[in-house]
Each structure stands twice: as structure tokens, then as C-alpha cells.
$ cat target32.txt   # compact mmCIF, C-alpha atoms and all ligand atoms
# COMPACT_ATOMS: atom_id res chain seq x y z
CA MET A 1 133.30 -129.16 90.27
CA GLU A 2 130.06 -128.86 88.39
CA GLN A 3 127.74 -131.64 87.31
CA ILE A 4 128.33 -133.00 83.84
CA GLU A 5 125.76 -131.92 81.28
CA TYR A 6 124.58 -134.76 79.03
CA ARG A 7 123.65 -134.04 75.43
CA ILE A 8 123.29 -137.56 74.15
CA LYS A 9 122.31 -138.35 70.61
CA GLU A 10 120.03 -141.33 70.14
CA ARG A 11 121.80 -144.06 68.19
CA THR A 12 119.94 -144.74 64.98
CA ARG A 13 122.28 -147.28 63.44
CA LYS A 14 123.95 -150.41 64.73
CA ILE A 15 127.67 -149.99 65.33
CA GLN A 16 129.61 -152.04 62.82
CA LEU A 17 133.35 -152.12 63.19
CA PRO A 18 135.50 -153.18 60.24
CA THR A 19 137.47 -156.42 60.59
CA ASN A 20 140.78 -154.60 60.36
CA LEU A 21 140.46 -151.63 62.68
CA GLY A 22 143.94 -150.18 62.28
CA PHE A 23 144.72 -147.22 64.50
CA GLY A 24 142.99 -143.87 64.83
CA ASN A 25 140.62 -143.95 61.86
CA ILE A 26 137.24 -144.41 63.55
CA PHE A 27 135.65 -142.27 66.26
CA THR A 28 132.72 -142.89 68.57
CA ASP A 29 129.58 -140.72 68.64
CA HIS A 30 130.33 -138.56 71.69
CA VAL A 31 133.14 -136.58 73.29
CA LEU A 32 133.62 -135.02 76.68
CA GLU A 33 134.39 -131.31 76.59
CA MET A 34 135.31 -128.82 79.28
CA ASP A 35 136.40 -125.17 79.30
CA TYR A 36 138.83 -123.21 81.40
CA SER A 37 138.74 -119.50 82.11
CA LYS A 38 140.66 -117.46 84.68
CA GLU A 39 137.40 -116.49 86.38
CA LYS A 40 135.74 -119.89 86.50
CA GLY A 41 138.64 -122.38 86.41
CA TRP A 42 137.71 -125.65 84.70
CA ASN A 43 133.98 -125.51 84.08
CA ASN A 44 131.12 -126.50 81.86
CA PRO A 45 131.78 -130.26 81.52
CA VAL A 46 129.54 -131.73 78.86
CA ILE A 47 129.24 -135.05 77.08
CA LYS A 48 127.99 -134.20 73.62
CA PRO A 49 127.91 -135.50 70.06
CA LEU A 50 131.23 -135.47 68.23
CA GLU A 51 131.38 -132.55 65.85
CA ASN A 52 134.00 -130.39 64.14
CA ILE A 53 135.51 -127.61 66.25
CA ALA A 54 134.89 -124.10 65.00
CA MET A 55 137.75 -121.80 65.96
CA HIS A 56 139.14 -118.36 65.31
CA PRO A 57 142.18 -118.42 63.00
CA ALA A 58 144.19 -116.72 65.76
CA THR A 59 143.47 -119.47 68.30
CA MET A 60 146.71 -119.59 70.23
CA PHE A 61 147.67 -123.25 70.15
CA ILE A 62 147.62 -123.30 66.35
CA HIS A 63 150.39 -120.72 66.28
CA TYR A 64 152.49 -121.53 69.32
CA GLY A 65 151.69 -125.16 70.06
CA GLN A 66 150.37 -124.79 73.60
CA ALA A 67 148.70 -128.18 73.73
CA ILE A 68 149.09 -131.49 75.57
CA PHE A 69 147.54 -134.92 75.28
CA GLU A 70 147.33 -138.41 76.74
CA GLY A 71 146.69 -141.84 75.31
CA LEU A 72 145.06 -144.59 77.37
CA LYS A 73 142.80 -147.53 76.63
CA ALA A 74 139.53 -149.16 77.68
CA TYR A 75 139.00 -152.88 77.16
CA LYS A 76 136.08 -155.25 77.06
CA THR A 77 137.15 -158.16 79.25
CA VAL A 78 136.41 -161.82 78.67
CA ASN A 79 133.68 -161.50 81.33
CA GLY A 80 132.01 -158.64 79.47
CA ASP A 81 133.22 -155.96 81.90
CA VAL A 82 134.55 -152.65 80.67
CA VAL A 83 137.84 -151.60 82.23
CA ILE A 84 140.30 -148.74 81.79
CA PHE A 85 144.04 -149.32 82.25
CA ARG A 86 145.80 -147.03 84.75
CA PRO A 87 143.62 -143.92 84.25
CA GLU A 88 144.95 -142.23 87.38
CA ASP A 89 148.54 -142.45 86.14
CA HIS A 90 147.54 -141.03 82.78
CA PHE A 91 145.67 -138.04 84.21
CA LYS A 92 148.51 -137.39 86.65
CA ARG A 93 150.92 -137.39 83.73
CA LEU A 94 148.61 -135.01 81.88
CA ASN A 95 149.04 -132.64 84.82
CA ILE A 96 152.82 -132.98 84.68
CA SER A 97 152.71 -132.06 80.99
CA ALA A 98 150.29 -129.22 81.80
CA LYS A 99 152.69 -127.68 84.31
CA ARG A 100 155.57 -127.71 81.85
CA ILE A 101 153.80 -125.56 79.29
CA CYS A 102 151.70 -123.34 81.58
CA ILE A 103 148.37 -125.11 81.12
CA PRO A 104 146.12 -125.13 84.22
CA GLU A 105 145.99 -128.54 85.90
CA ILE A 106 142.86 -130.66 85.94
CA ASP A 107 141.21 -132.41 88.90
CA VAL A 108 142.31 -136.03 88.47
CA LYS A 109 139.43 -137.55 90.45
CA PHE A 110 136.85 -135.56 88.51
CA MET A 111 138.44 -136.53 85.19
CA ILE A 112 138.49 -140.25 85.99
CA ASN A 113 134.83 -140.22 87.00
CA ALA A 114 133.88 -138.15 83.95
CA LEU A 115 135.82 -140.55 81.71
CA LYS A 116 133.93 -143.50 83.24
CA GLU A 117 130.68 -141.78 82.27
CA LEU A 118 131.83 -141.15 78.71
CA VAL A 119 133.15 -144.69 78.22
CA ASN A 120 129.93 -146.10 79.65
CA ILE A 121 127.85 -144.13 77.13
CA GLU A 122 130.10 -145.40 74.32
CA ARG A 123 130.59 -148.94 75.67
CA ASP A 124 129.02 -150.55 72.60
CA TRP A 125 131.91 -149.15 70.55
CA ILE A 126 134.48 -151.17 72.47
CA PRO A 127 135.71 -154.06 70.33
CA GLU A 128 135.47 -157.54 71.84
CA THR A 129 138.35 -159.12 69.96
CA GLN A 130 141.63 -159.47 71.81
CA GLY A 131 144.23 -157.12 70.40
CA GLU A 132 141.56 -154.47 69.94
CA SER A 133 140.43 -151.83 72.40
CA LEU A 134 139.03 -148.35 72.78
CA TYR A 135 141.79 -145.77 72.55
CA ILE A 136 141.11 -142.73 74.73
CA ARG A 137 142.67 -139.43 73.70
CA PRO A 138 142.28 -136.59 76.21
CA PHE A 139 143.82 -133.32 75.04
CA ILE A 140 143.94 -129.68 76.10
CA TYR A 141 144.75 -126.61 74.03
CA GLY A 142 145.04 -122.86 74.53
CA SER A 143 141.89 -121.49 72.97
CA ASP A 144 141.90 -117.69 73.02
CA PRO A 145 142.31 -115.75 69.80
CA PHE A 146 145.54 -113.78 70.32
CA LEU A 147 148.79 -113.49 68.41
CA GLY A 148 151.11 -112.53 71.28
CA VAL A 149 153.44 -115.24 72.61
CA ASN A 150 152.01 -115.83 76.07
CA PRO A 151 150.31 -118.67 77.89
CA ALA A 152 146.64 -118.58 76.84
CA SER A 153 144.04 -117.48 79.37
CA SER A 154 141.34 -119.88 78.21
CA TYR A 155 141.59 -123.57 77.37
CA LYS A 156 139.51 -126.40 75.99
CA LEU A 157 139.77 -130.00 77.14
CA ILE A 158 138.34 -132.73 74.94
CA ILE A 159 138.29 -136.50 75.30
CA LEU A 160 137.94 -138.32 72.02
CA LEU A 161 137.41 -142.09 71.74
CA SER A 162 138.56 -144.34 68.93
CA PRO A 163 138.17 -148.14 68.59
CA VAL A 164 141.59 -149.43 67.56
CA GLY A 165 143.53 -152.52 66.62
CA ALA A 166 147.32 -152.87 66.43
CA TYR A 167 149.26 -149.62 66.10
CA TYR A 168 151.84 -151.00 63.70
CA PRO A 169 150.84 -152.63 60.43
CA GLU A 170 153.22 -155.44 61.50
CA GLY A 171 150.89 -156.30 64.43
CA PHE A 172 152.97 -158.22 66.97
CA ARG A 173 155.60 -159.15 64.37
CA PRO A 174 158.98 -157.51 65.05
CA ILE A 175 159.56 -154.09 63.55
CA LYS A 176 162.54 -152.49 61.81
CA ILE A 177 164.10 -149.50 63.50
CA LEU A 178 166.59 -146.95 62.18
CA VAL A 179 168.80 -145.26 64.76
CA GLN A 180 168.45 -141.58 64.01
CA ASP A 181 171.61 -139.47 63.98
CA GLU A 182 170.55 -136.78 61.52
CA TYR A 183 167.87 -135.05 63.62
CA VAL A 184 167.06 -134.86 67.33
CA ARG A 185 163.68 -135.14 69.00
CA SER A 186 164.37 -133.15 72.13
CA VAL A 187 167.06 -132.04 74.55
CA ARG A 188 167.32 -132.33 78.31
CA LYS A 189 165.39 -129.59 80.07
CA GLY A 190 163.37 -129.15 76.86
CA LEU A 191 159.95 -130.64 76.22
CA GLY A 192 160.90 -134.29 75.80
CA GLU A 193 159.15 -135.59 78.89
CA CYS A 194 156.03 -133.54 78.21
CA LYS A 195 153.34 -135.18 76.06
CA THR A 196 152.94 -132.25 73.71
CA PRO A 197 152.43 -132.17 69.93
CA ALA A 198 155.78 -130.38 69.48
CA ASN A 199 157.68 -133.61 70.16
CA TYR A 200 155.70 -135.43 67.52
CA ALA A 201 156.15 -132.59 65.02
CA ALA A 202 159.91 -132.84 65.65
CA SER A 203 159.75 -136.54 64.79
CA LEU A 204 157.84 -136.39 61.51
CA LEU A 205 160.61 -135.84 58.97
CA ALA A 206 162.87 -138.44 60.55
CA GLY A 207 159.99 -140.94 60.67
CA HIS A 208 159.03 -140.21 57.08
CA GLU A 209 162.59 -140.63 55.80
CA ALA A 210 163.01 -143.85 57.78
CA MET A 211 159.79 -145.25 56.32
CA GLN A 212 160.97 -144.44 52.81
CA LYS A 213 164.02 -146.57 53.55
CA GLY A 214 161.81 -149.47 54.71
CA PHE A 215 161.92 -148.91 58.47
CA THR A 216 158.89 -148.74 60.75
CA GLN A 217 160.19 -146.03 63.06
CA VAL A 218 163.34 -144.40 64.41
CA LEU A 219 165.26 -144.78 67.65
CA TRP A 220 166.23 -141.36 68.98
CA LEU A 221 169.62 -140.60 70.42
CA ASP A 222 170.11 -137.88 73.03
CA GLY A 223 169.87 -134.37 71.67
CA VAL A 224 173.36 -133.18 72.67
CA THR A 225 175.98 -135.88 72.20
CA GLN A 226 173.94 -138.22 70.00
CA ARG A 227 175.57 -141.12 71.85
CA TYR A 228 172.89 -142.29 74.29
CA ILE A 229 169.75 -144.09 73.18
CA GLU A 230 166.50 -142.53 74.38
CA GLU A 231 163.19 -143.70 72.91
CA VAL A 232 161.53 -144.96 69.76
CA GLY A 233 159.02 -142.82 67.81
CA THR A 234 155.94 -143.81 69.84
CA MET A 235 157.42 -146.14 72.47
CA ASN A 236 159.96 -146.43 75.25
CA ILE A 237 162.72 -148.96 74.65
CA PHE A 238 164.19 -151.88 76.64
CA ILE A 239 167.39 -153.79 75.81
CA ASN A 240 167.33 -157.33 77.15
CA LEU A 241 170.97 -158.28 77.79
CA LYS A 242 172.23 -161.59 79.17
CA ASP A 243 172.85 -160.21 82.65
CA GLU A 244 170.50 -157.21 82.86
CA ILE A 245 167.56 -155.56 81.18
CA VAL A 246 168.31 -151.92 80.46
CA ALA A 247 165.73 -149.13 80.23
CA PRO A 248 167.25 -145.75 79.30
CA LYS A 249 167.05 -143.66 82.45
CA LEU A 250 164.42 -140.91 82.49
CA ASN A 251 166.49 -137.79 82.09
CA GLY A 252 164.01 -135.09 81.17
CA SER A 253 164.04 -135.70 77.45
CA ILE A 254 162.36 -139.14 77.52
CA LEU A 255 158.61 -139.61 77.87
CA PRO A 256 157.86 -141.33 81.22
CA GLY A 257 155.69 -144.06 79.73
CA ILE A 258 152.94 -145.68 81.79
CA THR A 259 153.52 -149.00 80.00
CA ARG A 260 157.26 -148.51 80.66
CA LYS A 261 156.45 -148.16 84.37
CA THR A 262 154.23 -151.28 84.18
CA VAL A 263 157.02 -153.29 82.54
CA ILE A 264 159.59 -152.19 85.12
CA GLN A 265 157.27 -153.14 87.98
CA LEU A 266 156.59 -156.58 86.48
CA LEU A 267 160.27 -157.26 85.84
CA LYS A 268 161.09 -156.38 89.44
CA GLU A 269 158.35 -158.70 90.68
CA TRP A 270 159.77 -161.45 88.49
CA ASN A 271 163.14 -160.85 90.19
CA MET A 272 164.78 -159.86 86.95
CA ASN A 273 167.69 -157.48 86.90
CA ILE A 274 166.03 -154.38 85.44
CA VAL A 275 168.33 -151.38 85.48
CA GLU A 276 167.40 -147.83 84.53
CA ARG A 277 170.64 -146.31 83.30
CA ASP A 278 172.24 -144.41 80.45
CA ILE A 279 173.24 -146.67 77.58
CA THR A 280 175.12 -145.60 74.46
CA ILE A 281 174.48 -146.85 70.96
CA ASN A 282 178.14 -147.99 70.96
CA GLU A 283 177.45 -150.22 73.95
CA VAL A 284 174.41 -151.66 72.17
CA MET A 285 176.61 -152.47 69.15
CA GLU A 286 179.33 -154.01 71.35
CA LYS A 287 176.78 -156.14 73.17
CA TYR A 288 175.38 -157.19 69.81
CA ASP A 289 178.83 -158.21 68.57
CA SER A 290 179.53 -160.22 71.70
CA GLY A 291 176.17 -162.01 71.40
CA ASP A 292 174.85 -160.52 74.64
CA ILE A 293 171.59 -159.14 73.31
CA LEU A 294 168.67 -161.51 73.87
CA GLY A 295 166.02 -159.10 72.65
CA ILE A 296 165.02 -155.49 72.19
CA PHE A 297 161.45 -154.28 72.58
CA GLY A 298 159.40 -151.15 72.94
CA SER A 299 156.48 -150.35 75.25
CA GLY A 300 153.64 -147.88 74.86
CA THR A 301 149.88 -147.55 75.22
CA ALA A 302 149.25 -147.68 71.50
CA ALA A 303 151.90 -150.31 70.74
CA VAL A 304 151.63 -152.30 74.04
CA ILE A 305 154.85 -154.38 73.72
CA SER A 306 156.50 -154.50 70.35
CA SER A 307 159.63 -156.48 69.52
CA ILE A 308 162.36 -154.87 67.51
CA GLY A 309 163.78 -157.40 65.04
CA TRP A 310 166.16 -155.19 63.12
CA LEU A 311 168.16 -152.19 64.31
CA THR A 312 170.30 -150.18 61.92
CA TYR A 313 172.84 -147.53 62.94
CA LYS A 314 174.82 -145.86 60.15
CA ASP A 315 176.01 -148.83 58.08
CA LYS A 316 175.65 -151.45 60.83
CA ASN A 317 172.61 -153.71 60.52
CA MET A 318 171.78 -155.69 63.63
CA VAL A 319 169.35 -158.60 63.45
CA ILE A 320 167.91 -159.13 66.90
CA ASN A 321 166.90 -162.66 67.94
CA LYS A 322 166.89 -163.75 64.28
CA GLY A 323 164.14 -161.23 63.59
CA GLU A 324 161.74 -163.14 65.88
CA PRO A 325 159.86 -161.75 68.91
CA GLY A 326 162.00 -162.21 72.05
CA LYS A 327 160.80 -164.51 74.87
CA LEU A 328 160.65 -161.69 77.39
CA ALA A 329 158.68 -159.44 75.07
CA ILE A 330 156.14 -162.24 74.55
CA LYS A 331 155.92 -162.89 78.29
CA LEU A 332 155.34 -159.22 79.05
CA PHE A 333 152.81 -158.83 76.26
CA ASP A 334 150.89 -161.87 77.50
CA LYS A 335 150.95 -160.72 81.10
CA ILE A 336 149.87 -157.14 80.43
CA THR A 337 147.16 -158.03 77.92
CA SER A 338 145.86 -160.84 80.18
CA ILE A 339 145.30 -158.28 82.90
CA GLN A 340 143.74 -155.82 80.47
CA TYR A 341 141.31 -158.40 79.05
CA GLY A 342 140.44 -159.81 82.49
CA ILE A 343 142.01 -163.23 81.81
CA GLN A 344 144.27 -162.83 84.83
CA ALA A 345 143.42 -161.13 88.09
CA ASP A 346 144.71 -157.59 88.50
CA ASP A 347 146.60 -157.64 91.75
CA HIS A 348 148.22 -154.26 91.10
CA ASP A 349 145.15 -152.05 91.03
CA TRP A 350 145.92 -151.07 87.44
CA ILE A 351 142.43 -151.76 86.14
CA LEU A 352 139.40 -149.57 86.75
CA ASN A 353 136.06 -151.27 86.16
CA ILE A 354 133.78 -148.50 84.88
CA ASP A 355 130.80 -150.02 86.70
CA ASN A 356 132.48 -149.58 90.07
CA LYS A 357 131.34 -146.76 92.24
CA GLU A 358 132.98 -143.34 92.29
CA VAL A 359 136.77 -143.41 92.28
CA GLU A 360 138.93 -142.01 95.03
CA VAL A 361 142.36 -140.66 94.16
CA ASN A 362 145.43 -140.63 96.43
C1 LIG V 1 150.42 -143.72 72.90
O1 LIG V 1 151.03 -144.79 72.95
O2 LIG V 1 149.33 -143.52 73.45
C2 LIG V 1 150.95 -142.60 72.20
O3 LIG V 1 150.81 -141.52 72.66
C3 LIG V 1 151.49 -142.81 70.88
C4 LIG V 1 150.67 -142.02 69.94
C5 LIG V 1 151.36 -140.77 69.61
C6 LIG V 1 150.19 -142.80 68.80

$ encode --input "target32.txt" --output "C-alpha cells" --more "lines below"
Ligand code: COI
Amino acid sequence: MEQIEYRIKERTRKIQLPTNLGFGNIFTDHVLEMDYSKEKGWNNPVIKPLENIAMHPATMFIHYGQAIFEGLKAYKTVNGDVVIFRPEDHFKRLNISAKRICIPEIDVKFMINALKELVNIERDWIPETQGESLYIRPFIYGSDPFLGVNPASSYKLIILLSPVGAYYPEGFRPIKILVQDEYVRSVRKGLGECKTPANYAASLLAGHEAMQKGFTQVLWLDGVTQRYIEEVGTMNIFINLKDEIVAPKLNGSILPGITRKTVIQLLKEWNMNIVERDITINEVMEKYDSGDILGIFGSGTAAVISSIGWLTYKDKNMVINKGEPGKLAIKLFDKITSIQYGIQADDHDWILNIDNKEVEVN
């Protein structure tokens, strides 16, 4: 792989972040870009000032959606280090998404080292307050101008950086979720497990209608029988029952979340009975009626761990843990964020310190 070209703009103003960062409104000064062509493969990596993208109106991804993305985060730790959470897992998942929609795979080791360079250049943009971080959005799209329905032959990869706070306006306060039975997000063997814009496009109307009714997001049911629960708009879901913690089993239509994987690993280490299995919405309602639900929470990079305080399915309104964050959700949130902010040692190798030497990948 080639050397990265650096086109760095001198910073003429001091970075001033607003007190309430929100999510996805502010962008740093530079991006990493790379091109793909059949002849050269991935080439021309450059770190350059953020600017608008000029593109031909026939650029393929605009018409047929051949695009994928990731979402990961960098943190400033309490010791002043800059760390990235599970970058290898995120770039490996980007490759899994790439395969599914005929996008050429990237070199994971190269990408991690290039990301370290980019984050280092933009390190002054990383917020120091706990609960805030630098959201990293790598994405790839088919870039040739052509109106035939084919995989593109050239691609662009960009990594964009955005200082962020809490994803939900509720912060860590429990959110209200509507179980969606009017629309489906994806079906097995479709694109559900691929991190592609199509899945988010499929979710927009349902999310919008739920918000108009006062909910934060929707819980999707499976796309065929509409009986099994799958995932929440931007998170995976966990149901904390008295005798087990259930994570809907990855079945092809659920996004294999990296935070989901982190939660499952922690629960196993804590000797808790975490079970990945199919679970119907009827079972959730029965367990609610018998008082067996201790908590429900979601996990995701943007949301971290988010308690669900209210769950509504048709005309049944379930109040979970009196609308308060569940104990397990709090414990997981504290554990994961303590590792991310360097308060607790990382004995899982989840954290990459950007000042460490070049990364090796297994
Ligand atoms: C993430 O958690 O990184 C996501 O991808 C959710 C995003 C669509 C806001």
C-alpha cells in the first residue's frame, strides 16, 4: 500500500466546542480519502482538508445505493491519552458489509494505521468531558458515473470525524420505544446485517411516525412473521429477565453490533446467563405480565448503553423498571465507558492508543 499523502491546513483559529455537542453536527478540519480502481486497487490515500464532494449526477451510489459505512469512536482518557475503541472489529465489519454488496475489501491493518494518523492530526478536536468523544465515520461508495445496475468499478473511501455528545436527547435517561408492526426493516438473507444506508432509509418513515407519537425510536420485528424482536433503530437490544439475559440471535437480518459483542463478552465474564436466542414479542409481553423483566436496554457505538423505560406494542404499554435505568444497564455503561476513558485498565485489548507504534492485525 502506498504512503499517505498529507495536505494539512494550518489551524488559524482555536477549536471551541459548544457545551451541548449533540450528535453529528460538527466536523473536524480534515478527512482521509482513498480511491479504488480495477487497475490500481485501493490507492491514493490522502489526509486533506474537509471539503464538499463534487460528483457527476450519474454517480452510481446515488441511484442504486451501493454504499457502506462504520461508526466507531476515539476518546481522550483521564490521563490525556487518545484511544480508539475496537478499530479492528469495526474495519473487519466494514469488509463484511463490503462483500455483501460487491464493494472491494480494504486492508484492515492499513486502515487502522491510517486512522491513527488522521485522529492524531485532529486530536485537539476530541472533547475531554466524559460522555463526549470523537465519532469516526468511515464510508465507501461506488463512484463511477453510469446508469446501468451493476457493481461500480471505482469507489471512494472517506473517513469523516465529528466530536459528539449523547446520541439521544434523553442522554442516559431511559427512552420510549414503539414496537413496529406496520413496516419492516429487513428480511433474512437481505441486507439487514450489512451496514448500508438502505437499512437506514427503510427505517425513516417508521422512526418519523414513532417520534410524532412521542417515542424516541422503534423496535423492529422480523421481516417475515413479525413475531420475533430484532433490533432498535440504531442499537441492538437486550432483555434482562430474572433467570437469563436474552440477546436476539444474529440471524442475517440483525446488525452484528460491536458494542453488542462487548456486552455479551462482559456478561459472560461476570458469569451471567446471557443467551443469544430468538425471542417473540409475545414472550416479552408474557414476561412483563409475570413480573420477570428486570430491564431492557440497547447497545451501540453512538448510543453506548441506553435503557428502555417504556415499550409499547399495539395497545399494550409496558413500563420497564418504573421508567428508571436498570441496574445491569448502569453497570455495563460504567464498565464500558470506564475502559474507554482510561479509568479502568483494558484487559481485553479493546483500546488502541494512537501513540502506540504500528498496529499488527491477526
Ligand atoms: C452507530 O452506533 O455508530 C451507528 O451506526 C448508529 C448511527 C446510524 C447513528

$ residues_near_ligand --input "target32.txt" --ligand "ligand LIG 1 (chain V)" --cutoff "8 Å" --atoms "all atoms listed in the file" --output "number ranges by chain"
A: 69-72, 135, 137, 167, 195, 200, 234-235, 300-304

$ closest_residue --input "target32.txt" --among "A:Val232, A:Ala74, A:Ile121, A:Ala114" --to "Lys9 of chain A" --atoms "all atoms listed in the file"
A:Ile121

$ atom_distance --input "target32.txt" --atom1 "atom CA of Phe146 of chain A" --atom2 "atom CA of Ala58 of chain A"
5.6 Å

$ closest_residue --input "target32.txt" --among "A:Gly131, A:Pro151, A:Gly24, A:Gly207" --to "Arg100 of chain A" --atoms "all atoms listed in the file"
A:Pro151

$ residues_around --input "target32.txt" --residues "Thr28 of chain A" --least-positions-apart "4" --cutoff "9 Å" --atoms "only C-alpha atoms" --output "JSON list (two decimals) with C-alpha atoms, in the coordinates of the input"
[["chain", "number", "residue", "atom", "x", "y", "z"],
["A", 49, "PRO", "CA", 127.91, -135.50, 70.06],
["A", 50, "LEU", "CA", 131.23, -135.47, 68.23],
["A", 122, "GLU", "CA", 130.10, -145.40, 74.32],
["A", 125, "TRP", "CA", 131.91, -149.15, 70.55],
["A", 160, "LEU", "CA", 137.94, -138.32, 72.02],
["A", 161, "LEU", "CA", 137.41, -142.09, 71.74],
["A", 162, "SER", "CA", 138.56, -144.34, 68.93],
["A", 163, "PRO", "CA", 138.17, -148.14, 68.59]]

$ residues_around --input "target32.txt" --residues "segment 309-314 of chain A" --least-positions-apart "6" --cutoff "9 Å" --atoms "all atoms listed in the file" --output "list in words"
Arg173, Pro174, Ile175, Lys176, Ile177, Leu178, Val179, Gln180, Asp181, Phe215, Leu219, Ile281, Met285, Gly295, Ile296, Phe297, Ile320, Asn321, Lys322, Gly323, Glu324, Pro325 and Gly326 of chain A

$ residues_around --input "target32.txt" --residues "Pro169 of chain A" --least-positions-apart "3" --cutoff "10 Å" --atoms "all atoms listed in the file" --output "PyMOL selection string"
chain A and resi 22-23+165-166+172-173+175+216

$ closest_residue --input "target32.txt" --among "A:Leu191, A:Arg93, A:Val78, A:Met111" --to "Ala345 of chain A" --atoms "all atoms listed in the file"
A:Val78

$ residues_around --input "target32.txt" --residues "Lys335 of chain A" --least-positions-apart "2" --cutoff "12 Å" --atoms "all atoms listed in the file" --output "PyMOL selection string"
chain A and resi 262-263+266-267+270+304-305+328-333+337-347

$ closest_residue --input "target32.txt" --among "A:Met60, A:Leu118, A:Leu241, A:Ile96" --to "Val46 of chain A" --atoms "only C-alpha atoms"
A:Leu118

$ atom_distance --input "target32.txt" --atom1 "atom CA of Ile103 of chain A" --atom2 "atom CA of Pro45 of chain A"
17.4 Å

$ atom_distance --input "target32.txt" --atom1 "atom CA of His90 of chain A" --atom2 "atom CA of Ile62 of chain A"
24.2 Å

$ axis_aligned_box --input "target32.txt" --around "segment 187-206 of chain A" --padding-each-side "4 Å" --output "AutoDock Vina command-line options"
--center_x 159.9 --center_y -133.8 --center_z 69.5 --size_x 22.9 --size_y 17.3 --size_z 29.1

$ closest_residue --input "target32.txt" --among "A:Leu352, A:Val31, A:Met211, A:Leu94" --to "Ile106 of chain A" --atoms "all atoms listed in the file"
A:Leu94

$ residues_around --input "target32.txt" --residues "segment 244-261 of chain A" --least-positions-apart "3" --cutoff "8 Å" --atoms "all atoms listed in the file" --output "PDB file with C-alpha atoms, keeping the file's coordinate frame"
ATOM      1  CA  ARG A  86     145.800-147.030  84.750  1.00  0.00           C
ATOM      2  CA  ASP A  89     148.540-142.450  86.140  1.00  0.00           C
ATOM      3  CA  HIS A  90     147.540-141.030  82.780  1.00  0.00           C
ATOM      4  CA  SER A 186     164.370-133.150  72.130  1.00  0.00           C
ATOM      5  CA  VAL A 187     167.060-132.040  74.550  1.00  0.00           C
ATOM      6  CA  ARG A 188     167.320-132.330  78.310  1.00  0.00           C
ATOM      7  CA  LYS A 189     165.390-129.590  80.070  1.00  0.00           C
ATOM      8  CA  GLY A 190     163.370-129.150  76.860  1.00  0.00           C
ATOM      9  CA  LEU A 191     159.950-130.640  76.220  1.00  0.00           C
ATOM     10  CA  GLY A 192     160.900-134.290  75.800  1.00  0.00           C
ATOM     11  CA  GLU A 193     159.150-135.590  78.890  1.00  0.00           C
ATOM     12  CA  CYS A 194     156.030-133.540  78.210  1.00  0.00           C
ATOM     13  CA  LYS A 195     153.340-135.180  76.060  1.00  0.00           C
ATOM     14  CA  ASP A 222     170.110-137.880  73.030  1.00  0.00           C
ATOM     15  CA  ILE A 229     169.750-144.090  73.180  1.00  0.00           C
ATOM     16  CA  GLU A 230     166.500-142.530  74.380  1.00  0.00           C
ATOM     17  CA  GLU A 231     163.190-143.700  72.910  1.00  0.00           C
ATOM     18  CA  MET A 235     157.420-146.140  72.470  1.00  0.00           C
ATOM     19  CA  ASN A 236     159.960-146.430  75.250  1.00  0.00           C
ATOM     20  CA  ILE A 237     162.720-148.960  74.650  1.00  0.00           C
ATOM     21  CA  PHE A 238     164.190-151.880  76.640  1.00  0.00           C
ATOM     22  CA  ILE A 239     167.390-153.790  75.810  1.00  0.00           C
ATOM     23  CA  ASN A 240     167.330-157.330  77.150  1.00  0.00           C
ATOM     24  CA  LEU A 241     170.970-158.280  77.790  1.00  0.00           C
ATOM     25  CA  ILE A 264     159.590-152.190  85.120  1.00  0.00           C
ATOM     26  CA  GLN A 265     157.270-153.140  87.980  1.00  0.00           C
ATOM     27  CA  MET A 272     164.780-159.860  86.950  1.00  0.00           C
ATOM     28  CA  ASN A 273     167.690-157.480  86.900  1.00  0.00           C
ATOM     29  CA  ILE A 274     166.030-154.380  85.440  1.00  0.00           C
ATOM     30  CA  VAL A 275     168.330-151.380  85.480  1.00  0.00           C
ATOM     31  CA  GLU A 276     167.400-147.830  84.530  1.00  0.00           C
ATOM     32  CA  ARG A 277     170.640-146.310  83.300  1.00  0.00           C
ATOM     33  CA  ASP A 278     172.240-144.410  80.450  1.00  0.00           C
ATOM     34  CA  ILE A 279     173.240-146.670  77.580  1.00  0.00           C
ATOM     35  CA  SER A 299     156.480-150.350  75.250  1.00  0.00           C
ATOM     36  CA  GLY A 300     153.640-147.880  74.860  1.00  0.00           C
ATOM     37  CA  THR A 301     149.880-147.550  75.220  1.00  0.00           C
ATOM     38  CA  VAL A 304     151.630-152.300  74.040  1.00  0.00           C
TER      39      VAL A 304
END

$ closest_residue --input "target32.txt" --among "A:Tyr6, A:Arg123, A:Pro197, A:Pro104" --to "Ile68 of chain A" --atoms "only C-alpha atoms"
A:Pro197
